[in-house]
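*Asks:* Next comes the structure file my_file.tsv, holding TSV, C-alpha atoms and all ligand atoms.
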chain	number	residue	atom	x	y	z
A	2	MET	CA	22.40	90.31	25.55
A	3	ALA	CA	20.23	89.14	22.63
A	4	GLU	CA	18.57	85.76	22.98
A	5	LYS	CA	20.50	82.98	21.18
A	6	TRP	CA	17.86	80.51	19.93
A	7	VAL	CA	17.33	79.42	16.33
A	8	ARG	CA	14.09	77.88	15.04
A	9	MET	CA	14.44	75.85	11.87
A	10	VAL	CA	12.14	74.03	9.44
A	11	THR	CA	13.12	71.87	6.45
A	12	ALA	CA	10.74	70.90	3.67
A	13	GLN	CA	11.07	69.02	0.40
A	14	THR	CA	8.93	69.71	-2.67
A	15	PRO	CA	8.90	67.99	-6.06
A	16	THR	CA	8.73	69.81	-9.34
A	17	ASN	CA	5.78	69.57	-11.72
A	18	ILE	CA	5.48	69.27	-15.48
A	19	ALA	CA	2.59	70.92	-17.29
A	20	VAL	CA	0.58	68.82	-19.73
A	21	ILE	CA	-1.56	71.87	-20.58
A	22	LYS	CA	0.88	74.76	-20.50
A	23	TYR	CA	0.81	78.10	-18.73
A	24	TRP	CA	2.32	80.68	-21.07
A	25	GLY	CA	1.44	84.37	-20.77
A	26	LYS	CA	0.44	86.66	-17.91
A	27	ARG	CA	-2.44	89.12	-17.71
A	28	ASP	CA	-0.85	90.69	-14.60
A	29	GLU	CA	2.95	90.56	-14.25
A	30	THR	CA	3.20	91.66	-10.62
A	31	LEU	CA	0.59	89.32	-9.18
A	32	ILE	CA	1.52	86.61	-11.74
A	33	LEU	CA	-1.95	85.99	-13.10
A	34	PRO	CA	-2.06	83.78	-16.21
A	35	VAL	CA	-4.01	84.15	-19.45
A	36	ASN	CA	-5.26	80.56	-19.26
A	37	ASP	CA	-5.79	77.62	-16.89
A	38	SER	CA	-3.10	74.91	-16.88
A	39	ILE	CA	-2.77	71.30	-15.72
A	40	SER	CA	0.37	69.51	-14.53
A	41	VAL	CA	1.62	66.27	-13.05
A	42	THR	CA	3.72	66.45	-9.90
A	43	LEU	CA	6.85	64.31	-10.06
A	44	ASP	CA	8.24	61.85	-7.57
A	45	PRO	CA	10.26	63.88	-5.02
A	46	SER	CA	13.09	61.36	-4.96
A	47	HIS	CA	14.20	62.47	-8.44
A	48	LEU	CA	13.60	66.15	-9.14
A	49	CYS	CA	12.99	68.15	-6.02
A	50	THR	CA	14.00	71.14	-3.97
A	51	THR	CA	14.93	70.92	-0.30
A	52	THR	CA	14.68	74.16	1.63
A	53	THR	CA	15.64	74.97	5.20
A	54	VAL	CA	14.36	78.20	6.70
A	55	ALA	CA	15.52	79.55	10.03
A	56	VAL	CA	14.63	82.44	12.30
A	57	SER	CA	16.70	83.82	15.14
A	58	PRO	CA	16.82	87.10	17.08
A	59	THR	CA	20.55	87.20	16.18
A	60	PHE	CA	19.85	87.52	12.41
A	61	ASP	CA	20.05	91.16	11.32
A	62	GLN	CA	18.64	90.78	7.79
A	63	ASP	CA	16.73	88.34	5.56
A	64	ARG	CA	19.19	86.24	3.50
A	65	MET	CA	18.89	83.45	0.95
A	66	TRP	CA	21.28	80.84	-0.48
A	67	LEU	CA	20.55	78.80	-3.62
A	68	ASN	CA	22.68	75.67	-4.11
A	69	GLY	CA	25.18	77.05	-1.59
A	70	LYS	CA	25.56	80.50	-3.19
A	71	GLU	CA	24.04	83.60	-1.63
A	72	ILE	CA	21.52	85.33	-3.90
A	73	SER	CA	19.98	88.79	-3.75
A	74	LEU	CA	16.53	89.14	-2.25
A	75	SER	CA	15.91	92.47	-3.93
A	76	GLY	CA	13.66	90.91	-6.63
A	77	GLY	CA	9.98	91.54	-5.94
A	78	ARG	CA	9.08	87.85	-6.08
A	79	PHE	CA	10.91	86.76	-2.91
A	80	GLN	CA	9.68	89.87	-1.13
A	81	SER	CA	6.07	89.15	-2.15
A	82	CYS	CA	6.23	85.60	-0.78
A	83	LEU	CA	7.90	86.72	2.47
A	84	ARG	CA	5.44	89.59	2.94
A	85	GLU	CA	2.41	87.37	2.34
A	86	ILE	CA	3.54	84.67	4.79
A	87	ARG	CA	4.62	87.24	7.43
A	88	ALA	CA	1.13	88.75	7.21
A	89	ARG	CA	-0.31	85.33	8.11
A	90	ALA	CA	2.23	84.37	10.80
A	91	CYS	CA	0.87	83.24	14.18
A	92	ASP	CA	2.23	82.72	17.71
A	93	VAL	CA	4.89	80.03	18.11
A	94	GLU	CA	5.91	78.43	21.36
A	95	ASP	CA	8.62	75.76	21.82
A	96	LYS	CA	9.05	75.25	25.57
A	97	GLU	CA	11.91	72.76	25.16
A	98	LYS	CA	14.05	75.31	23.32
A	99	GLY	CA	12.72	78.27	25.28
A	100	ILE	CA	11.27	79.90	22.18
A	101	LYS	CA	8.23	82.14	22.38
A	102	ILE	CA	7.33	84.29	19.39
A	103	VAL	CA	4.12	86.29	19.39
A	104	LYS	CA	2.41	87.33	16.18
A	105	LYS	CA	3.63	90.94	16.17
A	106	ASP	CA	7.30	89.84	16.66
A	107	TRP	CA	7.41	88.39	13.13
A	108	ASP	CA	7.68	91.87	11.61
A	109	LYS	CA	10.97	92.45	13.45
A	110	LEU	CA	12.50	88.97	13.12
A	111	HIS	CA	14.68	88.09	10.10
A	112	VAL	CA	14.88	84.76	8.28
A	113	HIS	CA	17.68	82.83	6.61
A	114	MET	CA	16.68	80.50	3.76
A	115	ALA	CA	18.82	77.84	2.08
A	116	SER	CA	17.55	75.92	-0.91
A	117	TYR	CA	19.05	73.01	-2.91
A	118	ASN	CA	17.86	71.56	-6.22
A	119	ASN	CA	18.90	67.98	-6.97
A	120	PHE	CA	18.71	68.82	-10.72
A	121	PRO	CA	20.01	71.58	-13.03
A	122	THR	CA	18.61	75.03	-12.22
A	123	ALA	CA	16.86	77.05	-14.97
A	124	ALA	CA	17.40	74.41	-17.68
A	125	GLY	CA	13.71	74.05	-18.51
A	126	LEU	CA	13.14	71.50	-15.75
A	127	ALA	CA	10.81	73.75	-13.78
A	128	SER	CA	13.30	74.51	-11.01
A	129	SER	CA	11.48	77.68	-9.97
A	130	ALA	CA	8.28	75.67	-9.56
A	131	ALA	CA	9.72	73.40	-6.90
A	132	GLY	CA	11.79	76.24	-5.42
A	133	PHE	CA	9.05	78.75	-4.63
A	134	ALA	CA	6.54	76.07	-3.61
A	135	CYS	CA	9.06	74.69	-1.13
A	136	LEU	CA	10.03	78.11	0.17
A	137	VAL	CA	6.44	79.17	0.80
A	138	PHE	CA	5.57	75.84	2.41
A	139	ALA	CA	8.63	75.94	4.69
A	140	LEU	CA	8.08	79.60	5.67
A	141	ALA	CA	4.43	78.87	6.46
A	142	LYS	CA	5.50	76.06	8.81
A	143	LEU	CA	8.20	78.21	10.38
A	144	MET	CA	5.79	81.06	11.06
A	145	ASN	CA	2.92	78.75	12.01
A	146	ALA	CA	0.65	80.16	9.30
A	147	LYS	CA	-2.64	78.27	9.32
A	148	GLU	CA	-3.40	78.49	5.57
A	149	ASP	CA	-4.13	75.27	3.67
A	150	ASN	CA	-2.17	74.25	0.55
A	151	GLY	CA	-4.71	75.91	-1.78
A	152	GLU	CA	-4.22	79.23	-0.01
A	153	LEU	CA	-0.45	78.73	0.05
A	154	SER	CA	-0.53	78.02	-3.69
A	155	ALA	CA	-1.84	81.56	-4.32
A	156	ILE	CA	1.25	82.85	-2.45
A	157	ALA	CA	3.72	80.51	-4.20
A	158	ARG	CA	2.20	81.74	-7.49
A	159	GLN	CA	3.58	85.20	-6.72
A	160	GLY	CA	7.08	83.67	-6.65
A	161	SER	CA	6.71	81.81	-9.93
A	162	GLY	CA	3.45	80.95	-11.66
A	163	SER	CA	4.11	77.23	-12.12
A	164	ALA	CA	5.09	76.96	-8.41
A	165	CYS	CA	1.45	77.07	-7.33
A	166	ARG	CA	0.91	73.62	-8.85
A	167	SER	CA	3.75	71.99	-6.83
A	168	LEU	CA	1.82	72.39	-3.56
A	169	PHE	CA	-0.15	69.25	-4.45
A	170	GLY	CA	0.74	65.75	-5.63
A	171	GLY	CA	-0.93	63.84	-8.47
A	172	PHE	CA	-2.52	65.87	-11.28
A	173	VAL	CA	-3.09	69.52	-10.47
A	174	LYS	CA	-5.04	72.33	-12.13
A	175	TRP	CA	-4.14	75.99	-11.79
A	176	ASN	CA	-7.38	77.96	-12.15
A	177	MET	CA	-6.50	81.25	-13.79
A	178	GLY	CA	-9.14	83.01	-11.64
A	179	LYS	CA	-11.21	86.09	-12.39
A	180	VAL	CA	-10.85	88.59	-9.57
A	181	GLU	CA	-8.38	91.46	-9.83
A	182	ASP	CA	-6.49	90.78	-6.58
A	183	GLY	CA	-5.66	87.25	-7.79
A	184	SER	CA	-7.07	85.53	-4.69
A	185	ASP	CA	-8.95	82.96	-6.84
A	186	SER	CA	-5.91	82.22	-9.04
A	187	ARG	CA	-4.75	79.10	-7.24
A	188	ALA	CA	-4.12	75.38	-7.64
A	189	VAL	CA	-6.52	72.53	-6.95
A	190	GLN	CA	-5.83	68.82	-7.05
A	191	VAL	CA	-7.57	67.03	-9.94
A	192	VAL	CA	-6.69	63.51	-8.73
A	193	ASP	CA	-4.19	62.33	-6.14
A	194	ASP	CA	-0.94	60.49	-6.86
A	195	LYS	CA	-2.51	57.03	-6.43
A	196	HIS	CA	-5.21	57.55	-9.06
A	197	TRP	CA	-3.00	56.82	-12.11
A	198	ASP	CA	0.11	55.32	-10.61
A	199	ASP	CA	1.12	53.03	-13.48
A	200	LEU	CA	2.24	56.01	-15.59
A	201	VAL	CA	6.02	56.29	-15.85
A	202	ILE	CA	7.75	59.57	-16.63
A	203	ILE	CA	11.14	59.63	-18.30
A	204	ILE	CA	13.00	62.88	-18.69
A	205	ALA	CA	15.52	62.86	-21.49
A	206	VAL	CA	18.03	65.53	-20.55
A	207	VAL	CA	19.11	66.91	-23.90
A	208	SER	CA	20.98	69.82	-22.36
A	209	SER	CA	21.44	70.95	-18.78
A	210	ARG	CA	22.64	74.40	-19.82
A	211	GLN	CA	20.66	77.41	-18.63
A	212	LYS	CA	18.12	78.51	-21.23
A	213	GLU	CA	18.82	81.69	-23.23
A	214	THR	CA	15.36	83.22	-22.82
A	215	SER	CA	13.84	82.87	-19.35
A	216	SER	CA	10.18	81.87	-19.14
A	217	THR	CA	9.35	85.27	-17.66
A	218	THR	CA	10.93	87.24	-20.53
A	219	GLY	CA	9.72	84.77	-23.16
A	220	MET	CA	6.11	84.91	-22.10
A	221	ARG	CA	6.18	88.71	-21.82
A	222	GLU	CA	7.36	88.97	-25.43
A	223	THR	CA	4.74	86.42	-26.53
A	224	VAL	CA	1.94	88.39	-24.85
A	225	GLU	CA	3.14	91.58	-26.55
A	226	THR	CA	3.54	90.16	-30.05
A	227	SER	CA	1.74	86.85	-30.70
A	228	LEU	CA	-1.76	86.74	-32.20
A	229	LEU	CA	-1.67	82.95	-31.96
A	230	LEU	CA	-1.47	83.25	-28.16
A	231	GLN	CA	-4.79	85.11	-28.06
A	232	HIS	CA	-6.43	82.35	-30.09
A	233	ARG	CA	-4.80	79.69	-27.89
A	234	ALA	CA	-5.85	81.28	-24.60
A	235	LYS	CA	-9.44	82.08	-25.60
A	236	GLU	CA	-10.41	79.30	-28.00
A	237	VAL	CA	-8.12	76.31	-27.59
A	238	VAL	CA	-7.09	75.90	-23.95
A	239	PRO	CA	-10.55	76.20	-22.29
A	240	LYS	CA	-11.81	73.23	-24.36
A	241	ARG	CA	-8.58	71.29	-23.87
A	242	ILE	CA	-8.72	71.72	-20.09
A	243	ILE	CA	-12.17	70.09	-19.94
A	244	LYS	CA	-11.03	67.19	-22.16
A	245	MET	CA	-7.78	66.74	-20.22
A	246	GLU	CA	-9.58	66.59	-16.85
A	247	GLU	CA	-11.88	63.94	-18.31
A	248	ALA	CA	-8.97	61.93	-19.76
A	249	ILE	CA	-7.14	62.00	-16.41
A	250	LYS	CA	-10.20	61.04	-14.38
A	251	ASN	CA	-10.97	58.15	-16.79
A	252	ARG	CA	-7.29	57.12	-17.11
A	253	ASP	CA	-7.83	57.40	-20.87
A	254	PHE	CA	-4.22	57.30	-22.09
A	255	ALA	CA	-5.00	57.76	-25.80
A	256	SER	CA	-6.80	61.08	-25.19
A	257	PHE	CA	-4.29	62.12	-22.53
A	258	ALA	CA	-1.35	61.57	-24.88
A	259	GLN	CA	-3.04	63.28	-27.83
A	260	LEU	CA	-3.86	66.37	-25.74
A	261	THR	CA	-0.44	66.51	-24.05
A	262	CYS	CA	1.52	66.35	-27.33
A	263	ALA	CA	-0.82	68.81	-29.08
A	264	ASP	CA	-0.52	71.30	-26.25
A	265	SER	CA	3.26	71.10	-26.11
A	266	ASN	CA	3.42	71.62	-29.87
A	267	GLN	CA	1.07	74.59	-29.72
A	268	PHE	CA	3.07	76.16	-26.89
A	269	HIS	CA	6.23	75.94	-29.03
A	270	ALA	CA	4.28	77.25	-32.04
A	271	VAL	CA	3.29	80.26	-29.94
A	272	CYS	CA	6.98	80.76	-29.09
A	273	LEU	CA	7.76	80.73	-32.82
A	274	ASP	CA	4.91	83.20	-33.40
A	275	THR	CA	6.62	85.61	-30.98
A	276	SER	CA	8.66	88.48	-32.40
A	277	PRO	CA	11.59	87.88	-32.36
A	278	PRO	CA	10.85	84.12	-32.37
A	279	ILE	CA	11.89	82.01	-29.39
A	280	PHE	CA	13.44	78.59	-30.00
A	281	TYR	CA	13.41	76.37	-26.94
A	282	MET	CA	13.67	72.99	-28.68
A	283	ASN	CA	16.72	71.91	-30.69
A	284	ASP	CA	17.39	69.25	-33.35
A	285	THR	CA	17.58	66.48	-30.78
A	286	SER	CA	14.19	67.53	-29.34
A	287	HIS	CA	12.71	67.42	-32.85
A	288	ARG	CA	14.21	63.97	-33.49
A	289	ILE	CA	12.67	62.70	-30.24
A	290	ILE	CA	9.24	64.00	-31.33
A	291	SER	CA	9.57	62.26	-34.73
A	292	CYS	CA	10.62	59.02	-33.07
A	293	ILE	CA	7.61	59.01	-30.69
A	294	GLU	CA	5.16	60.10	-33.41
A	295	LYS	CA	6.31	57.25	-35.69
A	296	TRP	CA	6.06	54.71	-32.87
A	297	ASN	CA	2.57	55.88	-31.83
A	298	CYS	CA	1.43	55.83	-35.45
A	299	CYS	CA	2.83	52.29	-36.07
A	300	GLU	CA	1.02	50.92	-33.02
A	301	GLY	CA	-2.23	52.58	-34.05
A	302	THR	CA	-2.70	53.97	-30.53
A	303	PRO	CA	-0.43	56.28	-28.47
A	304	GLN	CA	2.19	54.47	-26.40
A	305	VAL	CA	3.99	57.52	-25.09
A	306	ALA	CA	3.20	61.23	-24.69
A	307	TYR	CA	5.85	63.92	-25.04
A	308	THR	CA	5.98	67.43	-23.70
A	309	PHE	CA	8.69	70.11	-23.71
A	310	ASP	CA	8.86	73.14	-21.45
A	311	ALA	CA	11.01	76.23	-22.00
A	312	GLY	CA	14.07	74.19	-22.99
A	313	PRO	CA	15.13	71.27	-25.20
A	314	ASN	CA	14.65	68.48	-22.62
A	315	ALA	CA	11.96	65.92	-23.38
A	316	VAL	CA	9.46	64.80	-20.76
A	317	LEU	CA	8.11	61.46	-21.92
A	318	ILE	CA	5.13	59.84	-20.27
A	319	ALA	CA	4.66	56.11	-20.82
A	320	GLN	CA	1.42	54.30	-20.10
A	321	ASN	CA	3.06	51.64	-17.95
A	322	ARG	CA	6.39	50.02	-17.04
A	323	LYS	CA	6.41	47.76	-20.08
A	324	THR	CA	6.08	50.70	-22.49
A	325	ALA	CA	8.62	52.66	-20.44
A	326	ALA	CA	11.16	49.84	-20.86
A	327	GLN	CA	10.54	49.81	-24.63
A	328	LEU	CA	10.88	53.57	-24.71
A	329	LEU	CA	14.21	53.47	-22.88
A	330	GLN	CA	15.45	50.85	-25.32
A	331	LYS	CA	14.51	53.08	-28.24
A	332	LEU	CA	16.11	56.15	-26.66
A	333	LEU	CA	19.35	54.26	-25.99
A	334	PHE	CA	19.37	52.92	-29.54
A	335	PHE	CA	18.63	56.18	-31.36
A	336	PHE	CA	20.39	58.51	-28.91
A	337	PRO	CA	23.27	56.51	-27.42
A	338	PRO	CA	24.93	58.18	-24.42
A	339	ASN	CA	28.13	60.07	-25.23
A	340	SER	CA	27.02	60.56	-28.82
A	341	ASP	CA	26.84	64.07	-30.26
A	342	THR	CA	23.26	64.38	-28.95
A	343	ASP	CA	24.49	64.65	-25.35
A	344	LEU	CA	21.40	62.85	-24.08
A	345	ASN	CA	21.10	61.22	-20.68
A	346	SER	CA	17.89	59.70	-19.35
A	347	TYR	CA	16.30	59.73	-15.95
A	348	VAL	CA	13.36	57.55	-14.99
A	349	ILE	CA	10.77	59.25	-12.88
A	350	GLY	CA	7.66	57.69	-11.33
A	351	ASP	CA	4.67	60.00	-11.07
A	352	LYS	CA	3.81	59.33	-7.45
A	353	SER	CA	4.46	62.30	-5.31
A	354	ILE	CA	4.07	63.61	-1.82
A	355	LEU	CA	4.62	66.95	-0.27
A	356	LYS	CA	6.87	66.11	2.61
A	357	ASP	CA	7.23	68.22	5.69
A	358	ALA	CA	10.56	67.14	7.04
A	359	GLY	CA	10.48	69.84	9.70
B	1	LIG	C1	6.76	76.46	-20.06
B	1	LIG	O1	6.38	79.50	-13.92
B	1	LIG	O2	8.74	79.55	-14.81
B	1	LIG	O3	7.07	75.64	-17.85
B	1	LIG	O4	5.64	82.69	-13.68
B	1	LIG	O5	7.40	83.92	-14.97
B	1	LIG	O6	8.08	82.42	-13.09
B	1	LIG	P1	7.06	82.69	-14.19
B	1	LIG	O7	7.19	81.49	-15.23
B	1	LIG	P2	7.31	79.93	-14.99
B	1	LIG	O8	6.79	79.41	-16.41
B	1	LIG	C2	6.58	78.06	-16.68
B	1	LIG	C3	6.30	77.90	-18.12
B	1	LIG	C4	6.26	76.48	-18.61
B	1	LIG	C5	4.83	75.95	-18.67
B	1	LIG	C6	4.21	75.52	-17.36
B	1	LIG	O9	4.92	75.09	-16.43
B	1	LIG	O10	2.96	75.57	-17.29
Is it possible to express this structure as structure tokens?
*Replies:*
Amino acid sequence: MAEKWVRMVTAQTPTNIAVIKYWGKRDETLILPVNDSISVTLDPSHLCTTTTVAVSPTFDQDRMWLNGKEISLSGGRFQSCLREIRARACDVEDKEKGIKIVKKDWDKLHVHMASYNNFPTAAGLASSAAGFACLVFALAKLMNAKEDNGELSAIARQGSGSACRSLFGGFVKWNMGKVEDGSDSRAVQVVDDKHWDDLVIIIAVVSSRQKETSSTTGMRETVETSLLLQHRAKEVVPKRIIKMEEAIKNRDFASFAQLTCADSNQFHAVCLDTSPPIFYMNDTSHRIISCIEKWNCCEGTPQVAYTFDAGPNAVLIAQNRKTAAQLLQKLLFFFPPNSDTDLNSYVIGDKSILKDAG
């Protein structure tokens, strides 16, 4: 009779929001980007993925559930992450439960994976970022892989590019890397979550519907058709990355906000420069931008930074709690809940931790 044990690990990983965007791949299979990017990892109590992975000799195939619904594992991305972690799996022994797995057993054992997002999936809130980071982290724990988070980030990247940045808290840089096998295309922490902990992040959820053009398809079309992307990747982003790292290290909010807003706007300009053009923002997003721009201009110095990913939802970063309260007041005044703008707000602190709840 087959042995009956089950070994389980649960992990929780927050999502991240890019302030210098990743948009465009130079290698689609390995997920290698055309430029470096920088993000802030959010507080896990608000937008995060919780993933439980289990292994048992009674499982006869690898299976995965997302928000309670079974999904197909046939896509190359899940297989890449599983293959990479299996290749690094080590011996596991749990005397209490009578479990002994030796390295070579991992090739024959199957895993079950269940993942939950506490926020809308694929609505431009970087759900794949938290999802693949969490999956890779949990699998690594399950299989006792000894790799550090930097090495794991290069595996999570093969699930979804932005996922590599969710392996760290605070501000994180994804180095695009140079080598062909992608081993140097990984995330590094710029500063930890305590460095700039008076920032407050508010996400204005303009729409929680799934986006029409996925990031993967959108960026493929941009790479194929946009000349502006080439200029952005070669001329603009390398300089911006240096300035952004400096602004973050010096807690220079004025420069940080200027760079964040400019980069979001250029990313959406690149989407418009794609053929056919991609529209991720809507009228409400544009009204939010105007509102923040006017406010920043009136004060003479930026109070709030805005950034939009591949969807209409606004990520607003306030310098401190006082400005965040003023921002919320403005949002509630100009975009009252239940109005035709369909806008709800969530307050997110920027502190974050990668929790191993295993
Ligand atoms: C606009 O990481 O979702 O959020 O690598 O194809 O899975 P794939 O794309 P994904 O793209 C994220 C794009 C972005 C910008 C960013 O997070 O840097």
*Asks:* Please return as a ChimeraX atom specification every residue within 12 Å of (15.2, 71.3, -4.1), taking into account only C-alpha atoms and the file's own coordinates.
*Replies:* /A:11-16,45-53,66-69,115-122,126-136,139,167,356
*Asks:* Calculated over only C-alpha atoms and all ligand atoms, which of the candidates A:Ser208, A:Asn297, A:Ser256, A:Thr308 has the smallest distance to ligand LIG 1 (chain B)?
*Replies:*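 Selected residue with least distance to ligand LIG 1 (chain B): A:Thr308.
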*Asks:* Select, counting all atoms listed in the file, all protein, DNA and RNA residues no farther than 6 Å from (0.4, 76.9, -8.7) in file coordinates, and express the selection as number ranges by chain.
*Replies:* A: 154, 158, 162-166, 175, 187-188
*Asks:* In Å, rounded to a single decimal, give me how far CA of Glu85 in chain A is from CA of Asp149 in chain A.
*Replies:* 13.8 Å
*Asks:* Please provide as a ChimeraX atom specification all residues within 10 Å of range 226-228 of chain A, with the sequence filter that same-chain residues fewer than 6 positions apart are discarded (counting only C-alpha atoms).
*Replies:* /A:220,271-278
*Asks:* Suppose we keep C-alpha atoms; can you now write the selection as a tab-separated table (two decimals), in the frame of the given file?
*Replies:*
chain	number	residue	atom	x	y	z
A	220	MET	CA	6.11	84.91	-22.10
A	271	VAL	CA	3.29	80.26	-29.94
A	272	CYS	CA	6.98	80.76	-29.09
A	273	LEU	CA	7.76	80.73	-32.82
A	274	ASP	CA	4.91	83.20	-33.40
A	275	THR	CA	6.62	85.61	-30.98
A	276	SER	CA	8.66	88.48	-32.40
A	277	PRO	CA	11.59	87.88	-32.36
A	278	PRO	CA	10.85	84.12	-32.37
*Asks:* Would you write out, as CSV, a table of all residues in chain A that have an atom no more than 8 Å from an atom of ligand LIG 1 (chain B), listing for each the closest atom pair and the distance in Å to one decimal, considering only C-alpha atoms and all ligand atoms and ordering rows by chain and rising residue number?
*Replies:*
residue,atom,partner,partner_atom,distance
A:Asn17,CA,B:LIG1,O9,7.3
A:Ile18,CA,B:LIG1,O9,5.9
A:Ala19,CA,B:LIG1,O10,4.7
A:Val20,CA,B:LIG1,O10,7.6
A:Ile21,CA,B:LIG1,O10,6.7
A:Lys22,CA,B:LIG1,O10,3.9
A:Tyr23,CA,B:LIG1,O10,3.6
A:Trp24,CA,B:LIG1,C3,5.7
A:Lys26,CA,B:LIG1,O4,7.8
A:Ile32,CA,B:LIG1,O4,6.0
A:Ser38,CA,B:LIG1,O10,6.1
A:Ile39,CA,B:LIG1,O10,7.3
A:Ser40,CA,B:LIG1,O10,7.1
A:Gly125,CA,B:LIG1,O3,6.9
A:Leu126,CA,B:LIG1,O3,7.6
A:Ala127,CA,B:LIG1,O3,5.8
A:Ser128,CA,B:LIG1,O2,7.8
A:Ser129,CA,B:LIG1,O2,5.9
A:Ala130,CA,B:LIG1,O1,6.1
A:Arg158,CA,B:LIG1,O4,7.1
A:Gln159,CA,B:LIG1,O4,7.7
A:Gly160,CA,B:LIG1,O6,6.6
A:Ser161,CA,B:LIG1,O6,3.5
A:Gly162,CA,B:LIG1,O4,3.5
A:Ser163,CA,B:LIG1,O1,3.7
A:Ala164,CA,B:LIG1,O1,6.2
A:Ser215,CA,B:LIG1,O2,7.6
A:Ser216,CA,B:LIG1,O7,4.9
A:Thr217,CA,B:LIG1,O5,3.6
A:Thr218,CA,B:LIG1,O5,7.4
A:Met220,CA,B:LIG1,O5,7.3
A:Phe268,CA,B:LIG1,C1,7.8
A:Phe309,CA,B:LIG1,C1,7.6
A:Asp310,CA,B:LIG1,C1,4.2
A:Ala311,CA,B:LIG1,C1,4.7
*Asks:* Please determine, counting only C-alpha atoms, which residue among A:Thr223, A:Gln330, A:Gln190, A:Asn321 has the shortest atom-to-atom distance to Val41 in chain A.
*Replies:*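 The answer is A:Gln190, which sits nearest to Val41 in chain A.
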*Asks:* Out of A:Ile290, A:Val54, A:Val237, A:Val201, which residue has the shortest atom-to-atom distance to Asp264 in chain A when counting all atoms listed in the file?
*Replies:*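 For Asp264 in chain A, the nearest of the candidates is A:Val237.
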*Asks:* I'd like the interatomic distance between CA of His113 in chain A and CA of Asn150 in chain A, to a tenth of an Å.
*Replies:* 22.5 Å
*Asks:* Would you mind listing what lies within 12 Å of Lys98 in chain A as an MDAnalysis selection string, with only C-alpha atoms counted and same-chain residues fewer than 6 positions away left out?
*Replies:* chainID A and resid 4:9
*Asks:* Please report the interatomic distance between CA of Gln231 in chain A and CA of Gln259 in chain A in Å with one decimal.
*Replies:*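 One can read the CA of Gln231 in chain A to CA of Gln259 in chain A distance as 21.9 Å.
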*Asks:* Find the spatial neighbours of range 242-249 of chain A, counting only C-alpha atoms, within a cut-off of 8 Å - ignore same-chain residues fewer than 2 positions away - and output them as a list in words.
*Replies:*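 Counting only the stated atoms, we get Ile21, Asp37, Ser38, Ile39, Phe172, Val191, Val192, Trp197, Val238, Pro239, Lys240, Asn251, Arg252, Asp253, Phe254, Ser256, Phe257 and Leu260 of chain A.
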*Asks:* Please list as a PyMOL selection string every residue within 8 Å of Leu31 in chain A, counting all atoms listed in the file and excluding residues in the same chain fewer than 2 positions away.
*Replies:* chain A and resi 28-29+33+158-159+182-183
*Asks:* Rank A:Asn145, A:Ser265, A:Thr324, A:Gln80 by their smallest atom-to-atom distance to Glu300 in chain A, using all atoms listed in the file, and report the top residue only.
*Replies:*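 Distance minimum relative to Glu300 in chain A lands on A:Thr324.
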*Asks:* Keeping N, CA and C atoms (and nothing else), can you write range 81-91 of chain A of this structure as a PDB file, in the first residue's frame?
*Replies:*
ATOM      1  N   SER A  81       7.819  25.860 -16.166  1.00  0.00           N
ATOM      2  CA  SER A  81       9.194  26.371 -15.985  1.00  0.00           C
ATOM      3  C   SER A  81       9.512  26.516 -14.495  1.00  0.00           C
ATOM      4  N   CYS A  82       8.577  27.112 -13.747  1.00  0.00           N
ATOM      5  CA  CYS A  82       8.839  27.334 -12.316  1.00  0.00           C
ATOM      6  C   CYS A  82       8.988  26.000 -11.588  1.00  0.00           C
ATOM      7  N   LEU A  83       8.077  25.061 -11.883  1.00  0.00           N
ATOM      8  CA  LEU A  83       8.141  23.738 -11.237  1.00  0.00           C
ATOM      9  C   LEU A  83       9.455  23.026 -11.573  1.00  0.00           C
ATOM     10  N   ARG A  84       9.811  23.070 -12.848  1.00  0.00           N
ATOM     11  CA  ARG A  84      11.033  22.373 -13.302  1.00  0.00           C
ATOM     12  C   ARG A  84      12.273  22.958 -12.604  1.00  0.00           C
ATOM     13  N   GLU A  85      12.313  24.295 -12.543  1.00  0.00           N
ATOM     14  CA  GLU A  85      13.485  24.947 -11.946  1.00  0.00           C
ATOM     15  C   GLU A  85      13.611  24.631 -10.450  1.00  0.00           C
ATOM     16  N   ILE A  86      12.486  24.621  -9.741  1.00  0.00           N
ATOM     17  CA  ILE A  86      12.564  24.327  -8.295  1.00  0.00           C
ATOM     18  C   ILE A  86      12.875  22.839  -8.085  1.00  0.00           C
ATOM     19  N   ARG A  87      12.230  21.965  -8.879  1.00  0.00           N
ATOM     20  CA  ARG A  87      12.512  20.515  -8.746  1.00  0.00           C
ATOM     21  C   ARG A  87      14.006  20.242  -8.930  1.00  0.00           C
ATOM     22  N   ALA A  88      14.608  20.972  -9.882  1.00  0.00           N
ATOM     23  CA  ALA A  88      16.035  20.746 -10.168  1.00  0.00           C
ATOM     24  C   ALA A  88      16.907  21.137  -8.968  1.00  0.00           C
ATOM     25  N   ARG A  89      16.352  21.974  -8.071  1.00  0.00           N
ATOM     26  CA  ARG A  89      17.132  22.434  -6.918  1.00  0.00           C
ATOM     27  C   ARG A  89      16.678  21.793  -5.610  1.00  0.00           C
ATOM     28  N   ALA A  90      15.724  20.867  -5.699  1.00  0.00           N
ATOM     29  CA  ALA A  90      15.165  20.241  -4.488  1.00  0.00           C
ATOM     30  C   ALA A  90      16.235  19.439  -3.741  1.00  0.00           C
ATOM     31  N   CYS A  91      16.114  19.406  -2.424  1.00  0.00           N
ATOM     32  CA  CYS A  91      17.082  18.671  -1.586  1.00  0.00           C
ATOM     33  C   CYS A  91      16.342  17.652  -0.711  1.00  0.00           C
TER      34      CYS A  91
END
